[in-house]
Amino acid sequence: MTDMNSFDAESFCAALATRRIGRPTRFYERVGSTNDLAHAAARAGAAEGLVIVADEQTAGRGRLDRRWWAPPGAALLLSLLLRPDLPAERAGQLSMCLGLAAAEAIEQTTGLHIGLKWPNDLVYAGRKLGGLLAEAEFAGAQVQYAILGLGLNVNLDFDAPAVLAAAGLDDLRGRAASLAMLLGRPVDRIGLLAALLAAFEARYDRLLAGESPHLAWAARLDTLGQRVRVALRGGAHIGVATGVTPGGGLILADDDGAEHVVWAGDVAALRPAGPDNDA
Ligand code: BTN
């Protein structure tokens with residue numbers, strides 16, 4: 001783990017307009033996983049609001065035990081430590097706040113309208129721009145602490161063959177995108193990070209005041225209204241995604257009209273049900 005990096009901490013301090021989120025923010029050049037560092041800090045007693053940012057991760061983790069890769073200096077890779085007074089069943093609302101805040105900050109700094117894909121992806125025109133990895137420790141029925149990790153593709157070109165081949169990730173071609181690819185210009189990561197933390201703090205304050213973000217989150221979810229297949233460890237549910245629960249479960253109406261709630265998995269859009277369209 002090293003603490004030289006290409007982020008300009010002085011510009012960041014000047015841009016940061018939060019009261020407690022991102023105070024402090026620690027920048028590193030290379031770490032294993034920012035989520036792992038944030039867990040270690042939490043176990044050592046670090047206060048809520050700590051943000052860990054890295055230029056590069058050597059063991060970045062994604063959902064469902066996948067790895068998360070980004071070339072050095074090209075992405076926003078961060079983890080945020082929270083210690084909310086929150087019942088366990090509302091823990092899922094923390095990642096809703098971060099997904100919404102990321103979309104709002106991107107819109108504010110670049111003008112791009114970003115969608116969310118259930119449960120934790122940032123998407124644009126069907127391509128994945130980033131993802132969230134939310135992890136929590138519980139004390140009985142309460143959240144003890146939560147780590148919200150975000151990987152956002154900012155200044156990298158997923159359509160350049162060498163980029164993905166070098167990482168052994170050719171299957172991402174055509175499925176992933178970055179902000180720079182969409183805008184045709186590089187994006188200032190510092191300004192985006194400061195906007196993201198401010199947007200998150202506003203959402204988080206409202207959550208702590210008792211407001212649920214699930215309806216705003218649902219309104220951003222591209223997944224809703226689609227006929228989808230949700231796959232998890234060998235099994236799959238198929239149905240029309242009709243809504244979300246306050247805790248973040250996806251409500252699926254199956255072909256018989258029965259409703260099911262799914263809590264995890266990979267979503268693939270299917271064509272609408274019809275005589276020739278059986279999944
Ligand atoms: C996913 O889409 O599967 C979630 C990806 C989350 C990646 C971020 S990068 C920063 C933080 N540290 C990690 O090890 N993972 C998250």
# chains A, B, ... in the order shown; residues from 1 in each chain; ligands from 1

call {"tool": "closest_atom_pairs", "arguments": {"of": "region 99-155 of chain A", "to": "region 202-208 of chain A", "cutoff": "12 Å", "atoms": "only C-alpha atoms", "output": "CSV"}}
result
residue,atom,partner,partner_atom,distance
A:Gly99,CA,A:Arg203,CA,10.2
A:Leu100,CA,A:Arg203,CA,8.1
A:Ala101,CA,A:Arg203,CA,7.1
A:Ala102,CA,A:Arg203,CA,10.8
A:Glu104,CA,A:Arg203,CA,10.5
A:Ala105,CA,A:Ala202,CA,11.6

call {"tool": "residues_around", "arguments": {"residues": "Glu259 (chain A)", "least_positions_apart": "3", "cutoff": "10 Å", "atoms": "only C-alpha atoms", "output": "list in words"}}
result
Gly239, Val240, Ala241, Thr242, Ile251, Leu252, Ala253, Asp254, Asp255, Asp256 and Val262 of chain A

call {"tool": "residues_near_ligand", "arguments": {"ligand": "ligand 1", "cutoff": "7 Å", "atoms": "only C-alpha atoms and all ligand atoms", "output": "ChimeraX atom specification"}}
result
/A:33-36,59-64,66,68,77-79,120-121,130-133,149-151

call {"tool": "write_last_selection", "arguments": {"atoms": "C-alpha atoms", "output": "short mmCIF file (atom, residue, chain, number, x, y, z; two decimals), in the first residue's frame"}}
result
data_model
loop_
_atom_site.label_atom_id
_atom_site.label_comp_id
_atom_site.auth_asym_id
_atom_site.auth_seq_id
_atom_site.Cartn_x
_atom_site.Cartn_y
_atom_site.Cartn_z
CA SER A 33 -9.12 -3.33 -2.00
CA THR A 34 -10.42 -0.01 -0.65
CA ASN A 35 -13.30 -1.92 0.97
CA ASP A 36 -10.82 -4.08 2.87
CA ALA A 59 -7.49 -7.12 -5.37
CA GLY A 60 -10.58 -5.05 -6.13
CA ARG A 61 -13.74 -6.96 -5.29
CA GLY A 62 -17.11 -6.94 -7.04
CA ARG A 63 -20.48 -8.42 -6.16
CA LEU A 64 -21.02 -12.17 -6.08
CA ARG A 66 -16.17 -11.33 -8.69
CA TRP A 68 -13.18 -5.53 -10.05
CA LEU A 77 -12.30 3.61 -6.66
CA LEU A 78 -13.54 4.46 -3.21
CA SER A 79 -15.03 3.15 0.00
CA ASN A 120 -26.12 -2.05 -7.75
CA ASP A 121 -24.97 -1.00 -11.23
CA GLY A 130 -19.76 1.40 -12.49
CA GLY A 131 -20.91 -0.72 -9.59
CA LEU A 132 -21.42 -0.63 -5.85
CA LEU A 133 -20.29 -3.14 -3.28
CA GLY A 149 -17.62 0.72 -2.13
CA LEU A 150 -17.94 2.35 -5.53
CA GLY A 151 -16.01 1.65 -8.71
#

call {"tool": "select_by_dssp", "arguments": {"residues": "region 95-236 of chain A", "states": "helix (DSSP H, G or I)", "output": "VMD selection string"}}
result
chain A and resid 95 to 110 161 to 167 170 to 172 179 to 183 189 to 208 214 to 220

call {"tool": "residues_around", "arguments": {"residues": "Leu98 (chain A)", "least_positions_apart": "4", "cutoff": "8 Å", "atoms": "only C-alpha atoms", "output": "PyMOL selection string"}}
result
chain A and resi 94+102+148+200

call {"tool": "write_last_selection", "arguments": {"atoms": "all heavy atoms", "output": "short mmCIF file (atom, residue, chain, number, x, y, z; two decimals), in the first residue's frame"}}
result
data_model
loop_
_atom_site.label_atom_id
_atom_site.label_comp_id
_atom_site.auth_asym_id
_atom_site.auth_seq_id
_atom_site.Cartn_x
_atom_site.Cartn_y
_atom_site.Cartn_z
N LEU A 94 -28.80 2.23 2.33
CA LEU A 94 -27.53 2.96 2.27
C LEU A 94 -26.97 2.92 0.85
O LEU A 94 -26.51 3.93 0.31
CB LEU A 94 -26.52 2.36 3.25
CG LEU A 94 -26.92 2.48 4.73
CD1 LEU A 94 -26.04 1.59 5.60
CD2 LEU A 94 -26.83 3.93 5.19
N ALA A 102 -24.37 9.03 -6.84
CA ALA A 102 -23.44 8.92 -7.97
C ALA A 102 -24.11 9.42 -9.24
O ALA A 102 -23.53 10.20 -10.01
CB ALA A 102 -22.97 7.47 -8.12
N LEU A 148 -19.49 1.25 2.07
CA LEU A 148 -20.05 1.37 0.72
C LEU A 148 -18.90 1.57 -0.25
O LEU A 148 -18.21 2.60 -0.19
CB LEU A 148 -21.02 2.56 0.64
CG LEU A 148 -22.24 2.54 1.56
CD1 LEU A 148 -23.12 3.74 1.25
CD2 LEU A 148 -23.03 1.25 1.39
N PHE A 200 -24.09 12.54 -1.68
CA PHE A 200 -24.35 11.44 -0.76
C PHE A 200 -24.74 11.98 0.62
O PHE A 200 -25.69 11.49 1.24
CB PHE A 200 -23.14 10.51 -0.63
CG PHE A 200 -23.42 9.39 0.35
CD1 PHE A 200 -24.17 8.30 -0.04
CD2 PHE A 200 -23.03 9.50 1.67
CE1 PHE A 200 -24.52 7.31 0.88
CE2 PHE A 200 -23.37 8.52 2.60
CZ PHE A 200 -24.10 7.42 2.19
#

call {"tool": "closest_residue", "arguments": {"among": "A:Leu81, A:Ala125, A:Ala269, A:Val31", "to": "Gln57 (chain A)", "atoms": "only C-alpha atoms"}}
result
A:Val31

call {"tool": "residues_around", "arguments": {"residues": "Leu86 (chain A)", "least_positions_apart": "3", "cutoff": "9 Å", "atoms": "only C-alpha atoms", "output": "list in words"}}
result
Arg83, Glu89, Arg90, Ala91, Ala141, Gln142, Val143, Gln144 and Leu208 of chain A

call {"tool": "closest_atom_pairs", "arguments": {"of": "region 181-264 of chain A", "to": "region 8-16 of chain A", "cutoff": "8 Å", "atoms": "only C-alpha atoms", "output": "JSON lines"}}
result
{"residue": "A:Ile190", "atom": "CA", "partner": "A:Phe12", "partner_atom": "CA", "distance": 5.7}
{"residue": "A:Gly191", "atom": "CA", "partner": "A:Ala15", "partner_atom": "CA", "distance": 6.8}
{"residue": "A:Ala194", "atom": "CA", "partner": "A:Leu16", "partner_atom": "CA", "distance": 5.0}
{"residue": "A:Ala195", "atom": "CA", "partner": "A:Leu16", "partner_atom": "CA", "distance": 7.6}
{"residue": "A:Leu197", "atom": "CA", "partner": "A:Leu16", "partner_atom": "CA", "distance": 7.8}
{"residue": "A:Ala198", "atom": "CA", "partner": "A:Leu16", "partner_atom": "CA", "distance": 7.4}

call {"tool": "write_last_selection", "arguments": {"atoms": "C-alpha atoms", "output": "short mmCIF file (atom, residue, chain, number, x, y, z; two decimals), in the first residue's frame"}}
result
data_model
loop_
_atom_site.label_atom_id
_atom_site.label_comp_id
_atom_site.auth_asym_id
_atom_site.auth_seq_id
_atom_site.Cartn_x
_atom_site.Cartn_y
_atom_site.Cartn_z
CA ILE A 190 -11.55 15.40 -8.09
CA GLY A 191 -14.54 17.58 -8.98
CA ALA A 194 -16.38 16.19 -4.26
CA ALA A 195 -19.81 16.41 -5.95
CA LEU A 197 -19.71 13.08 -1.49
CA ALA A 198 -21.88 16.20 -1.20
#

call {"tool": "select_by_dssp", "arguments": {"residues": "region 84-271 of chain A", "states": "strand (DSSP E or B)", "output": "VMD selection string"}}
result
chain A and resid 87 115 to 117 121 to 124 127 to 139 142 to 153 176 221 227 to 232 235 to 244 250 to 253 259 to 262 266 to 270

call {"tool": "decode", "arguments": {"residues": "region 202-243 of chain A", "atoms": "N, CA and C atoms", "output": "mmCIF file, in the first residue's frame"}}
result
data_model
loop_
_atom_site.group_PDB
_atom_site.id
_atom_site.type_symbol
_atom_site.label_atom_id
_atom_site.label_comp_id
_atom_site.auth_asym_id
_atom_site.auth_seq_id
_atom_site.Cartn_x
_atom_site.Cartn_y
_atom_site.Cartn_z
ATOM 1 N N ALA A 202 -26.231 14.668 1.456
ATOM 2 C CA ALA A 202 -27.612 15.170 1.442
ATOM 3 C C ALA A 202 -28.602 14.000 1.513
ATOM 4 N N ARG A 203 -28.359 12.963 0.716
ATOM 5 C CA ARG A 203 -29.242 11.782 0.722
ATOM 6 C C ARG A 203 -29.194 11.068 2.072
ATOM 7 N N TYR A 204 -27.986 10.956 2.626
ATOM 8 C CA TYR A 204 -27.793 10.233 3.887
ATOM 9 C C TYR A 204 -28.487 10.967 5.042
ATOM 10 N N ASP A 205 -28.395 12.289 5.074
ATOM 11 C CA ASP A 205 -29.079 13.068 6.112
ATOM 12 C C ASP A 205 -30.582 12.790 6.079
ATOM 13 N N ARG A 206 -31.130 12.718 4.871
ATOM 14 C CA ARG A 206 -32.572 12.479 4.756
ATOM 15 C C ARG A 206 -32.929 11.059 5.198
ATOM 16 N N LEU A 207 -32.043 10.120 4.885
ATOM 17 C CA LEU A 207 -32.262 8.739 5.325
ATOM 18 C C LEU A 207 -32.274 8.663 6.848
ATOM 19 N N LEU A 208 -31.307 9.332 7.496
ATOM 20 C CA LEU A 208 -31.229 9.299 8.962
ATOM 21 C C LEU A 208 -32.410 10.014 9.596
ATOM 22 N N ALA A 209 -32.990 10.945 8.856
ATOM 23 C CA ALA A 209 -34.179 11.654 9.368
ATOM 24 C C ALA A 209 -35.441 10.809 9.184
ATOM 25 N N GLY A 210 -35.292 9.603 8.614
ATOM 26 C CA GLY A 210 -36.431 8.692 8.516
ATOM 27 C C GLY A 210 -37.011 8.542 7.125
ATOM 28 N N GLU A 211 -36.479 9.288 6.148
ATOM 29 C CA GLU A 211 -37.026 9.232 4.785
ATOM 30 C C GLU A 211 -36.431 8.032 4.045
ATOM 31 N N SER A 212 -37.279 7.265 3.397
ATOM 32 C CA SER A 212 -36.750 6.143 2.612
ATOM 33 C C SER A 212 -36.426 6.609 1.188
ATOM 34 N N PRO A 213 -35.232 6.216 0.673
ATOM 35 C CA PRO A 213 -34.878 6.618 -0.695
ATOM 36 C C PRO A 213 -35.441 5.672 -1.759
ATOM 37 N N HIS A 214 -36.255 4.654 -1.347
ATOM 38 C CA HIS A 214 -36.524 3.587 -2.320
ATOM 39 C C HIS A 214 -37.382 4.031 -3.503
ATOM 40 N N LEU A 215 -38.220 5.060 -3.307
ATOM 41 C CA LEU A 215 -39.036 5.479 -4.452
ATOM 42 C C LEU A 215 -38.215 6.281 -5.469
ATOM 43 N N ALA A 216 -37.310 7.143 -4.942
ATOM 44 C CA ALA A 216 -36.402 7.870 -5.853
ATOM 45 C C ALA A 216 -35.492 6.879 -6.574
ATOM 46 N N TRP A 217 -35.059 5.865 -5.842
ATOM 47 C CA TRP A 217 -34.196 4.833 -6.425
ATOM 48 C C TRP A 217 -34.957 4.075 -7.523
ATOM 49 N N ALA A 218 -36.199 3.699 -7.206
ATOM 50 C CA ALA A 218 -37.021 2.975 -8.189
ATOM 51 C C ALA A 218 -37.191 3.808 -9.459
ATOM 52 N N ALA A 219 -37.333 5.122 -9.292
ATOM 53 C CA ALA A 219 -37.543 5.991 -10.455
ATOM 54 C C ALA A 219 -36.308 6.035 -11.363
ATOM 55 N N ARG A 220 -35.142 5.722 -10.826
ATOM 56 C CA ARG A 220 -33.892 5.702 -11.624
ATOM 57 C C ARG A 220 -33.576 4.318 -12.183
ATOM 58 N N LEU A 221 -34.324 3.294 -11.727
ATOM 59 C CA LEU A 221 -33.966 1.919 -12.100
ATOM 60 C C LEU A 221 -34.450 1.589 -13.510
ATOM 61 N N ASP A 222 -33.506 1.409 -14.433
ATOM 62 C CA ASP A 222 -33.874 1.013 -15.796
ATOM 63 C C ASP A 222 -34.575 -0.353 -15.809
ATOM 64 N N THR A 223 -34.289 -1.135 -14.758
ATOM 65 C CA THR A 223 -34.783 -2.519 -14.693
ATOM 66 C C THR A 223 -36.313 -2.587 -14.635
ATOM 67 N N LEU A 224 -36.949 -1.581 -14.032
ATOM 68 C CA LEU A 224 -38.398 -1.687 -13.808
ATOM 69 C C LEU A 224 -39.170 -1.591 -15.123
ATOM 70 N N GLY A 225 -40.199 -2.433 -15.213
ATOM 71 C CA GLY A 225 -41.010 -2.477 -16.431
ATOM 72 C C GLY A 225 -40.483 -3.479 -17.433
ATOM 73 N N GLN A 226 -39.280 -3.999 -17.201
ATOM 74 C CA GLN A 226 -38.704 -4.971 -18.140
ATOM 75 C C GLN A 226 -39.073 -6.400 -17.720
ATOM 76 N N ARG A 227 -39.162 -7.274 -18.733
ATOM 77 C CA ARG A 227 -39.231 -8.704 -18.421
ATOM 78 C C ARG A 227 -37.787 -9.164 -18.263
ATOM 79 N N VAL A 228 -37.478 -9.777 -17.129
ATOM 80 C CA VAL A 228 -36.080 -10.074 -16.823
ATOM 81 C C VAL A 228 -35.903 -11.509 -16.322
ATOM 82 N N ARG A 229 -34.650 -11.925 -16.402
ATOM 83 C CA ARG A 229 -34.228 -13.199 -15.795
ATOM 84 C C ARG A 229 -33.219 -12.828 -14.735
ATOM 85 N N VAL A 230 -33.479 -13.230 -13.494
ATOM 86 C CA VAL A 230 -32.546 -12.933 -12.402
ATOM 87 C C VAL A 230 -31.878 -14.243 -12.006
ATOM 88 N N ALA A 231 -30.580 -14.349 -12.269
ATOM 89 C CA ALA A 231 -29.858 -15.603 -12.036
ATOM 90 C C ALA A 231 -29.014 -15.502 -10.784
ATOM 91 N N LEU A 232 -29.031 -16.556 -9.995
ATOM 92 C CA LEU A 232 -28.174 -16.616 -8.807
ATOM 93 C C LEU A 232 -27.846 -18.074 -8.516
ATOM 94 N N ARG A 233 -26.548 -18.387 -8.562
ATOM 95 C CA ARG A 233 -26.035 -19.713 -8.192
ATOM 96 C C ARG A 233 -26.900 -20.858 -8.726
ATOM 97 N N GLY A 234 -26.986 -20.951 -10.046
ATOM 98 C CA GLY A 234 -27.666 -22.101 -10.636
ATOM 99 C C GLY A 234 -29.157 -21.917 -10.810
ATOM 100 N N GLY A 235 -29.806 -21.120 -9.976
ATOM 101 C CA GLY A 235 -31.258 -20.939 -10.090
ATOM 102 C C GLY A 235 -31.578 -19.647 -10.809
ATOM 103 N N ALA A 236 -32.819 -19.504 -11.246
ATOM 104 C CA ALA A 236 -33.200 -18.250 -11.909
ATOM 105 C C ALA A 236 -34.683 -17.975 -11.694
ATOM 106 N N HIS A 237 -35.016 -16.691 -11.619
ATOM 107 C CA HIS A 237 -36.410 -16.263 -11.594
ATOM 108 C C HIS A 237 -36.663 -15.479 -12.871
ATOM 109 N N ILE A 238 -37.829 -15.685 -13.469
ATOM 110 C CA ILE A 238 -38.188 -14.911 -14.656
ATOM 111 C C ILE A 238 -39.499 -14.195 -14.375
ATOM 112 N N GLY A 239 -39.584 -12.936 -14.776
ATOM 113 C CA GLY A 239 -40.835 -12.212 -14.590
ATOM 114 C C GLY A 239 -40.661 -10.764 -14.996
ATOM 115 N N VAL A 240 -41.750 -10.032 -14.890
ATOM 116 C CA VAL A 240 -41.683 -8.602 -15.168
ATOM 117 C C VAL A 240 -41.347 -7.887 -13.854
ATOM 118 N N ALA A 241 -40.295 -7.046 -13.902
ATOM 119 C CA ALA A 241 -39.890 -6.306 -12.705
ATOM 120 C C ALA A 241 -40.875 -5.171 -12.508
ATOM 121 N N THR A 242 -41.673 -5.253 -11.436
ATOM 122 C CA THR A 242 -42.748 -4.269 -11.267
ATOM 123 C C THR A 242 -42.447 -3.218 -10.214
ATOM 124 N N GLY A 243 -41.458 -3.479 -9.358
ATOM 125 C CA GLY A 243 -41.171 -2.495 -8.309
ATOM 126 C C GLY A 243 -40.087 -2.994 -7.387
#
